[in-house]
Amino acid sequence: MPIEIERKFLVSGRNWRQSNGVHYLQGYLNLDKERTVRVRRTEKQAFLCVKGISIGASRTEFEYEIPSDDAEQLLKLCTGSIIQKIRYTVIYKGLKWEIDEFLGDNEGLVVAEVELESENQVFEKPEWVGTDVTHDPRYFNANLAVNPYKNWHGKNLI
């Protein structure tokens with residue numbers, strides 16, 4: 001069974017911006033606590049993803065490429081707002097960091113994710129990585145679709 005082990009952090013500054021990003025649209029067809037079903041589209045590809053409940057920093061994840069036209073139709077069926085973001089990829093000390101700069105209803109939020117081989121894996125964080133928000137559900141993309149960053153009062157930033 002495919003397991004995703006991911007840590008999530010708030011980002012500060014702009015030193016992480018080393019390349020052009022990829023624009024993403026993603027929406028949620030199901031936001032049940034036990035599982036989420038997401039559709040995601042870029043300019044070139046589209047995916048359907050099912051994720052199980054998070055246990056620590058781990059959860060099951062199944063992702064399948066789908067036709068872009070199907071993704072366009074599925075995005076119209078989604079709950080909440082469509083997440084818009086630009087994703088940048090940075091390799092640091094042998095690990096791939098994905099930095100999401102959110103747009104639209106979540107503009108102003110920048111989050112970095114790193115996938116690990118185990119929850120106990122020791123790794124060095126880049127200087128632009130701040131507060132660990134792995135276990136804070138407000139920062140889950142599924143929650144940002146129904147409680148966007150623009151609605152937060154007293155935003156908990158670095």
# chains A, B, ... in the order shown; residues from 1 in each chain; ligands from 1
$ residues_around --residues "Val37 in chain A" --least-positions-apart "6" --cutoff "6 Å" --atoms "only C-alpha atoms" --output "number ranges by chain"
A: 28-30, 49-50
$ closest_atom_pairs --of "range 70-149 of chain A" --to "range 10-25 of chain A" --cutoff "6 Å" --atoms "only C-alpha atoms" --output "CSV"
residue,atom,partner,partner_atom,distance
A:Ile83,CA,A:Leu25,CA,5.7
A:Gln84,CA,A:Leu25,CA,4.9
A:Lys85,CA,A:Tyr24,CA,5.3
A:Ile86,CA,A:His23,CA,4.4
A:Arg87,CA,A:Gly21,CA,5.1
A:Tyr88,CA,A:Gly21,CA,4.5
A:Val110,CA,A:Val11,CA,5.6
A:Val111,CA,A:Leu10,CA,4.7
A:Trp128,CA,A:Ser12,CA,5.2
A:Val129,CA,A:Val11,CA,4.9
A:Gly130,CA,A:Leu10,CA,5.2
A:Thr131,CA,A:Leu10,CA,5.4
$ closest_residue --among "A:Glu115, A:Gly108, A:Val146, A:Ser68" --to "Lys96 in chain A" --atoms "only C-alpha atoms"
A:Glu115
$ closest_residue --among "A:Lys8, A:Gln121, A:Asn106, A:Ile82" --to "Trp152 in chain A" --atoms "only C-alpha atoms"
A:Asn106
$ select_by_dssp --residues "range 111-158 of chain A" --states "helix (DSSP H, G or I)" --output "list in words"
Pro137, Arg138, Tyr139, Asn141, Ala142, Asn143, Leu144, Ala145, Val146, Tyr149, Lys150 and Asn151 of chain A
$ write_last_selection --atoms "C-alpha atoms" --output "PDB file, in the first residue's frame"
ATOM      1  CA  PRO A 137      -5.244  20.896  10.156  1.00  0.00           C
ATOM      2  CA  ARG A 138      -5.770  24.532   9.125  1.00  0.00           C
ATOM      3  CA  TYR A 139      -2.897  24.108   6.663  1.00  0.00           C
ATOM      4  CA  ASN A 141      -5.196  21.834   1.418  1.00  0.00           C
ATOM      5  CA  ALA A 142      -8.584  20.175   1.929  1.00  0.00           C
ATOM      6  CA  ASN A 143      -9.296  22.549   4.820  1.00  0.00           C
ATOM      7  CA  LEU A 144      -8.076  25.554   2.838  1.00  0.00           C
ATOM      8  CA  ALA A 145     -10.804  24.755   0.290  1.00  0.00           C
ATOM      9  CA  VAL A 146     -13.537  25.247   2.922  1.00  0.00           C
ATOM     10  CA  TYR A 149      -6.634  31.736   4.486  1.00  0.00           C
ATOM     11  CA  LYS A 150      -8.352  35.058   3.681  1.00  0.00           C
ATOM     12  CA  ASN A 151     -10.926  34.264   6.414  1.00  0.00           C
TER      13      ASN A 151
END
